[in-house]
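Student: Dropping the structure in here first, questions after.
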Amino acid sequence: MPVPSEKVRRAARTLLFRSGLKPGVKGWELRKVVGNDYLEVVKALDERLTDLGLRVVAVGGDGDEVPIDPEREDELRKCTFLILMRGPVSVQEASTAGWRIDDLAMLSVALLYLISRGGRAGHRELLSLLRSRFRQPRVDYVLNRLIKMGYLEEEGNQILIGWRSRIEIDLKRLSGLEAPVEGG
Amino acid sequence: MRRLEEILDEVSATLRSSSDPFSVRVLEILDELRDLLPRMRDEDLLMDSEIILKLAEVVREQGEWLRRESTVAALGRIIALLKLSMDPRSLAEELLEAWSPIVDLEQVTLADVHRSLSYLQEKRIAPPSREMITLRGSLKEIIPEEPDLEEILDEVREIVRKMEEPIPYRKVVSGSPKEVLLKAYAIAFLASSGEISLVLDPVEEELYVTKPSPGKFFSYVIPVRRFSNARPI
């Protein structure tokens with residue numbers, strides 16, 4: 001049975017408009033807004049978004065993607081549903097969105113360093129690595145901005161890979177463990 | 001025994017359907033087999049040993065999986081470390097290749113409104129507080145004759161407007177005991193309403209009056225006698 005357009009629209013609005021500090025909505029919230037067949041609706045929305053270069057994902061607490069499969073409904077209710085860009089981003093797209101190449105490179109260095117250190121490193125240690133590679137005046141500002149945006153997280157005097165990086169960035173591909181996939 | 005058949009089917013089916021050896025609940029099955037053992041007949045023991053054999057195979061696969069994954073993880077760390085030496089543009093491109101940003105529409109939320117109000121309060125762009133008005137009343141009790149507060153405020157405002165560098169508090173809050181009191185009140189009022197800032201030099205223990213500067217607002221008691229040359233009233 002085809003999913004009603006009204007439900008797809010409602011799901012799209014719920015997913016796109018941010019209601020809290022972090023983007024995305026929990027599966028149980030989506031179910032409340034859309035109905036018991038929310039997983040079918042999400043799949044229909046995902047199909048429509050494909051043409052726009054977007055996709056719907058469900059991520060667990062650890063940032064890992066969970067397949068949108070009705071058999072995993074219990075697990076999906078606790079997951080966060082988000083809309084992501086499909087496939088890699090071009091330099092031009094990133095700069096249009098306000099990212100400087102230097103800032104992206106700093107995030108790349110921070111994440112690669114954290115991966116090499118098993119996911120966490122001292123704040124000072126990371127700062128001194130970034131200062132040795134980039135122009136000093138921007139380093140502190142960019143590092144704080146990356147923490148505020150959720151790409152990195154602060155825990156005491158340690159820096160960790162942030163929730164946003166775990167969702168948005170394919171860390172295995174960044175660290176060179178996975179070859180790029182056509183179409184993302 | 002029927003239950004043994006079910007367990008064997010479950011282990012075989014899980015192994016067939018999943019590539020993850022950890023999806024088999026090894027410990028629970030072993031516990032269940034231990035409970036079933038006293039009730040097993042001789043012909044059940046064959047099936048029991050078949051289940052144990054399959055579980056041993058699962059445990060061996062779990063060990064291999066762990067070894068493989070730890071090697072991959074170690075390799076990933078080494079490659080990540082090597083990639084750090086790339087030039088900034090290549091590093092940015094590597095990130096973009098692996099990046100699928102979240103798409104969402106930002107809007108004003110209650111949290112944003114709350115944050116804005118906190119900011120305004122910190123900047124003190126707000127009318128004088130109830131405490132300030134009460135203080136004005138207390139001042140009248142100390143100085144019975146009606147002091148021209150607006151005149152004093154304007155006088156201090158003029159000093160601040162003309163100043164080119166921070167002025168010591170004691171230079172502004174000077175004069176007769178009554179003048180000291182009124183000027184101290186004026187300074188407190190102007191600082192609270194954001195028209196001036198006060199900077200404390202902890203080494204010299206000197207308080208300075210400066211032009212308004214950004215920063216966090218917090219309450220501070222100024223002991224007039226400590227920071228001025230005031231004599232008792």
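Naming works like this for the structure tokens: A, B, ... for the chains as they're shown, residue 1 at the start of each chain, ligands 1 onward in shown order.
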Find the residues in chain B near chain A: any atom within 12 Å counts, using only C-alpha atoms. Write them as a VMD selection string.
Tutor: chain B and resid 69 to 112 115
Student: DSSP on the backbone: what in chain A comes out strand (DSSP E or B), as a count of residues only?
Tutor: 28
Student: Find the residues around stretch 135-150 of chain A up to 6 Å (only C-alpha atoms counted), leave out those fewer than 2 positions away in its own chain, and share them as a ChimeraX atom specification.
Tutor: /A:131,152-153,162-164
Student: Just to be explicit: take each residue in the selection above, keep all heavy atoms, and write the result as an mmCIF file, in the first residue's frame.
Tutor:
data_model
loop_
_atom_site.group_PDB
_atom_site.id
_atom_site.type_symbol
_atom_site.label_atom_id
_atom_site.label_comp_id
_atom_site.auth_asym_id
_atom_site.auth_seq_id
_atom_site.Cartn_x
_atom_site.Cartn_y
_atom_site.Cartn_z
ATOM 1 N N ARG A 131 48.830 23.750 16.420
ATOM 2 C CA ARG A 131 49.625 24.986 16.333
ATOM 3 C C ARG A 131 50.872 24.776 15.488
ATOM 4 O O ARG A 131 51.368 25.699 14.853
ATOM 5 C CB ARG A 131 50.009 25.468 17.729
ATOM 6 C CG ARG A 131 48.868 26.185 18.418
ATOM 7 C CD ARG A 131 49.263 26.578 19.806
ATOM 8 N NE ARG A 131 48.183 27.288 20.480
ATOM 9 C CZ ARG A 131 48.125 27.485 21.772
ATOM 10 N NH1 ARG A 131 49.078 27.023 22.560
ATOM 11 N NH2 ARG A 131 47.135 28.129 22.309
ATOM 12 N N LEU A 152 34.053 17.687 17.928
ATOM 13 C CA LEU A 152 34.970 17.186 18.953
ATOM 14 C C LEU A 152 34.271 17.358 20.304
ATOM 15 O O LEU A 152 33.378 18.197 20.428
ATOM 16 C CB LEU A 152 36.291 17.978 18.938
ATOM 17 C CG LEU A 152 37.080 17.980 17.635
ATOM 18 C CD1 LEU A 152 38.255 18.950 17.730
ATOM 19 C CD2 LEU A 152 37.599 16.594 17.287
ATOM 20 N N GLU A 153 34.687 16.584 21.281
ATOM 21 C CA GLU A 153 34.070 16.703 22.606
ATOM 22 C C GLU A 153 35.157 16.889 23.653
ATOM 23 O O GLU A 153 36.255 16.345 23.504
ATOM 24 C CB GLU A 153 33.283 15.434 22.932
ATOM 25 C CG GLU A 153 31.845 15.472 22.439
ATOM 26 C CD GLU A 153 31.131 14.142 22.560
ATOM 27 O OE1 GLU A 153 31.457 13.374 23.478
ATOM 28 O OE2 GLU A 153 30.276 13.878 21.703
ATOM 29 N N GLY A 162 33.784 13.782 18.562
ATOM 30 C CA GLY A 162 32.452 14.242 18.958
ATOM 31 C C GLY A 162 31.320 13.472 18.300
ATOM 32 O O GLY A 162 31.524 12.740 17.332
ATOM 33 N N TRP A 163 30.103 13.679 18.841
ATOM 34 C CA TRP A 163 28.915 12.969 18.321
ATOM 35 C C TRP A 163 28.682 13.272 16.853
ATOM 36 O O TRP A 163 28.322 12.400 16.076
ATOM 37 C CB TRP A 163 27.672 13.325 19.145
ATOM 38 C CG TRP A 163 27.266 14.775 19.070
ATOM 39 C CD1 TRP A 163 27.655 15.771 19.915
ATOM 40 C CD2 TRP A 163 26.432 15.397 18.086
ATOM 41 N NE1 TRP A 163 27.121 16.975 19.513
ATOM 42 C CE2 TRP A 163 26.354 16.777 18.401
ATOM 43 C CE3 TRP A 163 25.733 14.946 16.971
ATOM 44 C CZ2 TRP A 163 25.620 17.685 17.648
ATOM 45 C CZ3 TRP A 163 25.000 15.857 16.215
ATOM 46 C CH2 TRP A 163 24.950 17.200 16.557
ATOM 47 N N ARG A 164 28.922 14.528 16.443
ATOM 48 C CA ARG A 164 28.646 14.898 15.065
ATOM 49 C C ARG A 164 29.615 14.213 14.104
ATOM 50 O O ARG A 164 29.217 13.773 13.027
ATOM 51 C CB ARG A 164 28.721 16.428 14.915
ATOM 52 C CG ARG A 164 28.125 16.927 13.631
ATOM 53 C CD ARG A 164 28.308 18.416 13.508
ATOM 54 N NE ARG A 164 27.252 19.158 14.159
ATOM 55 C CZ ARG A 164 26.128 19.542 13.540
ATOM 56 N NH1 ARG A 164 25.917 19.236 12.298
ATOM 57 N NH2 ARG A 164 25.231 20.240 14.184
#
Student: Do you have the atom CA of A:Val41-atom CA of A:Lys78 distance handy?
Tutor: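 Atom CA of A:Lys78 lies at a distance of 17.2 Å from atom CA of A:Val41.
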Student: Just list the residues in stretch 17-223 of chain B DSSP gives alpha helix (DSSP H) on the backbone, as a compact mmCIF listing (two decimals) with N, CA and C atoms, in the first residue's frame.
Tutor:
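Output contents, as saved in selection.txt:
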# COMPACT_ATOMS: atom_id res chain seq x y z
N SER B 17 22.78 -17.23 9.47
CA SER B 17 22.23 -15.91 9.10
C SER B 17 23.16 -14.75 9.42
N VAL B 26 26.39 -17.80 23.69
CA VAL B 26 27.14 -18.98 24.14
C VAL B 26 26.93 -19.26 25.63
N LEU B 27 27.11 -18.25 26.47
CA LEU B 27 27.06 -18.49 27.92
C LEU B 27 25.69 -18.96 28.40
N GLU B 28 24.63 -18.32 27.86
CA GLU B 28 23.27 -18.70 28.27
C GLU B 28 22.98 -20.15 27.86
N ILE B 29 23.43 -20.52 26.65
CA ILE B 29 23.16 -21.89 26.16
C ILE B 29 23.91 -22.91 27.03
N LEU B 30 25.14 -22.58 27.39
CA LEU B 30 25.92 -23.50 28.24
C LEU B 30 25.23 -23.68 29.61
N ASP B 31 24.72 -22.57 30.14
CA ASP B 31 24.01 -22.64 31.43
C ASP B 31 22.77 -23.55 31.31
N GLU B 32 22.06 -23.36 30.18
CA GLU B 32 20.84 -24.14 29.98
C GLU B 32 21.17 -25.64 29.84
N LEU B 33 22.26 -25.93 29.12
CA LEU B 33 22.67 -27.33 28.94
C LEU B 33 23.02 -27.96 30.29
N ARG B 34 23.68 -27.17 31.13
CA ARG B 34 24.05 -27.67 32.46
C ARG B 34 22.79 -28.03 33.28
N ASP B 35 21.76 -27.16 33.15
CA ASP B 35 20.51 -27.43 33.87
C ASP B 35 19.78 -28.66 33.32
N LEU B 36 19.91 -28.85 32.01
CA LEU B 36 19.19 -29.96 31.36
C LEU B 36 19.89 -31.30 31.58
N ASP B 42 20.35 -41.32 27.48
CA ASP B 42 21.59 -41.62 26.75
C ASP B 42 21.55 -41.08 25.32
N GLU B 43 20.36 -41.21 24.67
CA GLU B 43 20.29 -40.78 23.27
C GLU B 43 20.38 -39.24 23.14
N ASP B 44 20.06 -38.52 24.25
CA ASP B 44 20.15 -37.05 24.21
C ASP B 44 21.61 -36.57 24.25
N LEU B 45 22.46 -37.41 24.83
CA LEU B 45 23.87 -36.99 25.01
C LEU B 45 24.57 -36.74 23.68
N LEU B 46 24.14 -37.46 22.65
CA LEU B 46 24.74 -37.27 21.33
C LEU B 46 24.45 -35.85 20.82
N MET B 47 23.17 -35.45 21.00
CA MET B 47 22.79 -34.11 20.55
C MET B 47 23.46 -33.03 21.41
N ASP B 48 23.57 -33.33 22.70
CA ASP B 48 24.24 -32.42 23.62
C ASP B 48 25.69 -32.17 23.18
N SER B 49 26.38 -33.29 22.82
CA SER B 49 27.79 -33.13 22.41
C SER B 49 27.89 -32.38 21.07
N GLU B 50 26.84 -32.57 20.21
CA GLU B 50 26.85 -31.85 18.93
C GLU B 50 26.73 -30.33 19.17
N ILE B 51 25.87 -29.97 20.15
CA ILE B 51 25.72 -28.53 20.47
C ILE B 51 27.04 -27.98 21.03
N ILE B 52 27.65 -28.75 21.93
CA ILE B 52 28.93 -28.30 22.53
C ILE B 52 29.97 -28.09 21.44
N LEU B 53 29.98 -29.01 20.47
CA LEU B 53 30.95 -28.91 19.36
C LEU B 53 30.72 -27.62 18.56
N LYS B 54 29.44 -27.33 18.31
CA LYS B 54 29.11 -26.12 17.54
C LYS B 54 29.50 -24.86 18.33
N LEU B 55 29.25 -24.90 19.66
CA LEU B 55 29.60 -23.74 20.49
C LEU B 55 31.12 -23.55 20.51
N ALA B 56 31.87 -24.67 20.53
CA ALA B 56 33.34 -24.56 20.52
C ALA B 56 33.80 -23.89 19.22
N GLU B 57 33.09 -24.25 18.14
CA GLU B 57 33.41 -23.64 16.84
C GLU B 57 33.14 -22.12 16.87
N VAL B 58 32.01 -21.77 17.52
CA VAL B 58 31.66 -20.34 17.65
C VAL B 58 32.74 -19.60 18.43
N VAL B 59 33.19 -20.19 19.54
CA VAL B 59 34.20 -19.54 20.39
C VAL B 59 35.50 -19.36 19.60
N ARG B 60 35.85 -20.39 18.79
CA ARG B 60 37.08 -20.28 17.98
C ARG B 60 36.93 -19.11 16.98
N GLU B 61 35.73 -19.01 16.38
CA GLU B 61 35.48 -17.91 15.43
C GLU B 61 35.52 -16.55 16.12
N GLN B 62 35.02 -16.52 17.35
CA GLN B 62 35.06 -15.26 18.11
C GLN B 62 36.50 -14.82 18.32
N GLY B 63 37.37 -15.77 18.66
CA GLY B 63 38.79 -15.48 18.87
C GLY B 63 39.43 -14.94 17.61
N GLU B 64 39.10 -15.60 16.47
CA GLU B 64 39.67 -15.16 15.19
C GLU B 64 39.17 -13.76 14.82
N TRP B 65 37.86 -13.54 15.10
CA TRP B 65 37.26 -12.24 14.80
C TRP B 65 37.98 -11.14 15.58
N LEU B 66 38.23 -11.40 16.86
CA LEU B 66 38.91 -10.41 17.72
C LEU B 66 40.31 -10.11 17.20
N ARG B 67 41.03 -11.20 16.83
CA ARG B 67 42.40 -11.02 16.32
C ARG B 67 42.39 -10.16 15.04
N ARG B 68 41.42 -10.51 14.14
CA ARG B 68 41.34 -9.79 12.86
C ARG B 68 41.00 -8.32 13.08
N GLU B 69 39.98 -8.07 13.91
CA GLU B 69 39.54 -6.70 14.15
C GLU B 69 40.63 -5.86 14.82
N SER B 70 41.37 -6.47 15.77
CA SER B 70 42.41 -5.69 16.44
C SER B 70 43.54 -5.35 15.47
N THR B 71 43.79 -6.26 14.51
CA THR B 71 44.83 -5.98 13.51
C THR B 71 44.37 -4.82 12.63
N VAL B 72 43.08 -4.86 12.23
CA VAL B 72 42.53 -3.79 11.38
C VAL B 72 42.59 -2.46 12.12
N ALA B 73 42.20 -2.49 13.41
CA ALA B 73 42.20 -1.25 14.20
C ALA B 73 43.61 -0.68 14.32
N ALA B 74 44.59 -1.57 14.55
CA ALA B 74 45.98 -1.11 14.68
C ALA B 74 46.47 -0.53 13.36
N LEU B 75 46.07 -1.20 12.26
CA LEU B 75 46.47 -0.72 10.92
C LEU B 75 45.87 0.67 10.67
N GLY B 76 44.59 0.83 11.07
CA GLY B 76 43.90 2.11 10.89
C GLY B 76 44.63 3.22 11.63
N ARG B 77 45.10 2.92 12.83
CA ARG B 77 45.81 3.93 13.63
C ARG B 77 47.11 4.34 12.94
N ILE B 78 47.80 3.38 12.37
CA ILE B 78 49.08 3.67 11.71
C ILE B 78 48.83 4.52 10.47
N ILE B 79 47.81 4.12 9.67
CA ILE B 79 47.52 4.90 8.44
C ILE B 79 47.12 6.32 8.83
N ALA B 80 46.28 6.45 9.88
CA ALA B 80 45.84 7.78 10.33
C ALA B 80 47.04 8.65 10.70
N LEU B 81 48.00 8.05 11.38
CA LEU B 81 49.20 8.78 11.80
C LEU B 81 50.02 9.23 10.58
N LEU B 82 50.10 8.33 9.58
CA LEU B 82 50.85 8.67 8.36
C LEU B 82 50.18 9.79 7.59
N LYS B 83 48.84 9.78 7.61
CA LYS B 83 48.09 10.80 6.85
C LYS B 83 48.29 12.20 7.42
N PRO B 88 47.70 20.69 3.99
CA PRO B 88 46.34 21.05 4.44
C PRO B 88 45.25 20.80 3.40
N ARG B 89 45.51 21.12 2.14
CA ARG B 89 44.46 20.95 1.12
C ARG B 89 44.09 19.47 0.96
N SER B 90 45.13 18.61 0.92
CA SER B 90 44.85 17.17 0.79
C SER B 90 44.11 16.64 2.01
N LEU B 91 44.48 17.17 3.19
CA LEU B 91 43.80 16.74 4.42
C LEU B 91 42.31 17.12 4.37
N ALA B 92 42.05 18.36 3.87
CA ALA B 92 40.66 18.82 3.77
C ALA B 92 39.91 17.95 2.77
N GLU B 93 40.56 17.61 1.66
CA GLU B 93 39.90 16.79 0.63
C GLU B 93 39.61 15.37 1.15
N GLU B 94 40.53 14.86 1.95
CA GLU B 94 40.32 13.53 2.55
C GLU B 94 39.08 13.55 3.43
N LEU B 95 38.94 14.65 4.19
CA LEU B 95 37.78 14.78 5.07
C LEU B 95 36.49 14.88 4.26
N LEU B 96 36.53 15.71 3.21
CA LEU B 96 35.33 15.91 2.39
C LEU B 96 34.87 14.61 1.74
N GLU B 97 35.83 13.74 1.38
CA GLU B 97 35.51 12.45 0.76
C GLU B 97 34.71 11.56 1.73
N LEU B 110 13.08 28.12 22.24
CA LEU B 110 13.01 28.69 23.58
C LEU B 110 14.39 28.79 24.20
N ALA B 111 15.23 27.77 23.90
CA ALA B 111 16.60 27.78 24.44
C ALA B 111 17.37 29.01 23.92
N ASP B 112 17.14 29.37 22.63
CA ASP B 112 17.81 30.54 22.05
C ASP B 112 17.37 31.82 22.76
N VAL B 113 16.05 31.92 23.01
CA VAL B 113 15.51 33.11 23.68
C VAL B 113 16.12 33.23 25.07
N HIS B 114 16.21 32.09 25.75
CA HIS B 114 16.78 32.07 27.10
C HIS B 114 18.23 32.52 27.06
N ARG B 115 18.98 32.02 26.04
CA ARG B 115 20.39 32.38 25.90
C ARG B 115 20.54 33.88 25.64
N SER B 116 19.64 34.43 24.81
CA SER B 116 19.70 35.86 24.49
C SER B 116 19.45 36.70 25.73
N LEU B 117 18.46 36.26 26.53
CA LEU B 117 18.16 37.02 27.75
C LEU B 117 19.34 37.00 28.72
N SER B 118 19.99 35.83 28.82
CA SER B 118 21.16 35.73 29.71
C SER B 118 22.25 36.67 29.22
N TYR B 119 22.41 36.74 27.88
CA TYR B 119 23.44 37.62 27.31
C TYR B 119 23.14 39.07 27.66
N LEU B 120 21.86 39.46 27.49
CA LEU B 120 21.48 40.85 27.79
C LEU B 120 21.72 41.17 29.26
N GLN B 121 21.41 40.17 30.12
CA GLN B 121 21.62 40.41 31.55
C GLN B 121 23.10 40.57 31.86
N GLU B 122 23.92 39.77 31.16
CA GLU B 122 25.37 39.87 31.38
C GLU B 122 25.89 41.23 30.94
N LYS B 123 25.33 41.71 29.81
CA LYS B 123 25.77 43.01 29.30
C LYS B 123 25.14 44.14 30.11
N ARG B 130 16.06 46.65 41.20
CA ARG B 130 15.36 47.03 42.42
C ARG B 130 16.35 47.41 43.52
N GLU B 131 17.49 46.67 43.55
CA GLU B 131 18.51 46.93 44.58
C GLU B 131 19.06 48.35 44.45
N MET B 132 19.25 48.79 43.19
CA MET B 132 19.81 50.12 42.98
C MET B 132 18.85 51.19 43.48
N ILE B 133 17.55 50.95 43.19
CA ILE B 133 16.55 51.93 43.63
C ILE B 133 16.51 51.99 45.16
N THR B 134 16.61 50.82 45.81
CA THR B 134 16.62 50.77 47.28
C THR B 134 17.84 51.51 47.80
N LEU B 135 18.98 51.32 47.10
CA LEU B 135 20.21 51.99 47.53
C LEU B 135 20.04 53.50 47.49
N ARG B 136 19.30 53.96 46.45
CA ARG B 136 19.06 55.39 46.31
C ARG B 136 18.30 55.89 47.55
N GLY B 137 17.36 55.07 48.01
CA GLY B 137 16.59 55.42 49.21
C GLY B 137 17.49 55.46 50.44
N SER B 138 18.40 54.46 50.56
CA SER B 138 19.31 54.40 51.71
C SER B 138 20.22 55.62 51.74
N LEU B 139 20.60 56.07 50.54
CA LEU B 139 21.49 57.22 50.43
C LEU B 139 20.85 58.46 51.06
N LYS B 140 19.54 58.56 50.84
CA LYS B 140 18.82 59.72 51.39
C LYS B 140 18.82 59.70 52.92
N GLU B 141 18.84 58.45 53.46
CA GLU B 141 18.86 58.34 54.93
C GLU B 141 20.20 58.82 55.48
N ILE B 142 21.31 58.52 54.72
CA ILE B 142 22.64 58.93 55.18
C ILE B 142 22.83 60.44 54.97
N LEU B 149 21.55 63.78 42.52
CA LEU B 149 22.22 62.58 42.00
C LEU B 149 22.51 62.68 40.50
N GLU B 150 21.56 63.26 39.77
CA GLU B 150 21.75 63.36 38.32
C GLU B 150 23.00 64.18 37.99
N GLU B 151 23.20 65.22 38.83
CA GLU B 151 24.36 66.08 38.61
C GLU B 151 25.66 65.29 38.83
N ILE B 152 25.68 64.51 39.92
CA ILE B 152 26.86 63.69 40.23
C ILE B 152 27.09 62.67 39.12
N LEU B 153 26.00 62.03 38.67
CA LEU B 153 26.12 61.03 37.60
C LEU B 153 26.70 61.66 36.34
N ASP B 154 26.18 62.86 36.00
CA ASP B 154 26.67 63.54 34.81
C ASP B 154 28.15 63.91 34.95
N GLU B 155 28.51 64.28 36.17
CA GLU B 155 29.90 64.65 36.43
C GLU B 155 30.83 63.45 36.17
N VAL B 156 30.43 62.30 36.70
CA VAL B 156 31.26 61.09 36.51
C VAL B 156 31.24 60.68 35.03
N ARG B 157 30.05 60.79 34.41
CA ARG B 157 29.94 60.46 32.97
C ARG B 157 30.93 61.30 32.16
N GLU B 158 31.03 62.56 32.51
CA GLU B 158 31.90 63.48 31.79
C GLU B 158 33.37 63.06 31.95
N ILE B 159 33.73 62.66 33.18
CA ILE B 159 35.11 62.19 33.44
C ILE B 159 35.42 60.98 32.55
N VAL B 160 34.46 60.06 32.49
CA VAL B 160 34.65 58.83 31.70
C VAL B 160 34.75 59.17 30.22
N ARG B 161 33.89 60.11 29.78
CA ARG B 161 33.88 60.46 28.36
C ARG B 161 35.23 61.04 27.93
N LYS B 162 35.81 61.84 28.81
CA LYS B 162 37.06 62.53 28.46
C LYS B 162 38.29 61.64 28.65
N TYR B 169 40.20 54.57 40.65
CA TYR B 169 38.91 54.80 41.32
C TYR B 169 39.05 55.91 42.35
N ARG B 170 40.21 55.89 43.07
CA ARG B 170 40.39 56.86 44.15
C ARG B 170 40.45 58.30 43.64
N LYS B 171 40.83 58.46 42.34
CA LYS B 171 40.88 59.82 41.78
C LYS B 171 39.49 60.32 41.44
N VAL B 172 38.61 59.39 41.03
CA VAL B 172 37.24 59.79 40.69
C VAL B 172 36.44 59.98 41.99
N PRO B 177 33.62 64.02 52.40
CA PRO B 177 33.02 62.70 52.68
C PRO B 177 31.70 62.49 51.95
N LYS B 178 30.88 63.55 51.89
CA LYS B 178 29.58 63.40 51.20
C LYS B 178 29.78 63.19 49.71
N GLU B 179 30.73 63.94 49.14
CA GLU B 179 31.00 63.80 47.71
C GLU B 179 31.50 62.39 47.39
N VAL B 180 32.38 61.88 48.30
CA VAL B 180 32.91 60.52 48.12
C VAL B 180 31.77 59.51 48.07
N LEU B 181 30.84 59.67 48.99
CA LEU B 181 29.71 58.74 49.07
C LEU B 181 28.86 58.81 47.80
N LEU B 182 28.59 60.03 47.37
CA LEU B 182 27.74 60.20 46.18
C LEU B 182 28.43 59.69 44.91
N LYS B 183 29.74 59.97 44.83
CA LYS B 183 30.47 59.52 43.64
C LYS B 183 30.60 57.99 43.63
N ALA B 184 30.80 57.41 44.83
CA ALA B 184 30.88 55.95 44.92
C ALA B 184 29.56 55.35 44.46
N TYR B 185 28.45 56.00 44.85
CA TYR B 185 27.13 55.53 44.42
C TYR B 185 27.02 55.66 42.90
N ALA B 186 27.48 56.82 42.39
CA ALA B 186 27.39 57.06 40.95
C ALA B 186 28.19 56.00 40.17
N ILE B 187 29.38 55.69 40.66
CA ILE B 187 30.23 54.68 39.99
C ILE B 187 29.52 53.33 39.99
N ALA B 188 28.97 52.97 41.16
CA ALA B 188 28.27 51.68 41.27
C ALA B 188 27.09 51.62 40.30
N PHE B 189 26.36 52.75 40.22
CA PHE B 189 25.20 52.81 39.34
C PHE B 189 25.61 52.70 37.87
N LEU B 190 26.64 53.46 37.48
CA LEU B 190 27.07 53.47 36.07
C LEU B 190 27.67 52.11 35.67
N ALA B 191 28.38 51.48 36.61
CA ALA B 191 28.97 50.16 36.31
C ALA B 191 27.85 49.12 36.15
N SER B 192 26.84 49.21 37.02
CA SER B 192 25.74 48.25 36.96
C SER B 192 24.92 48.42 35.70
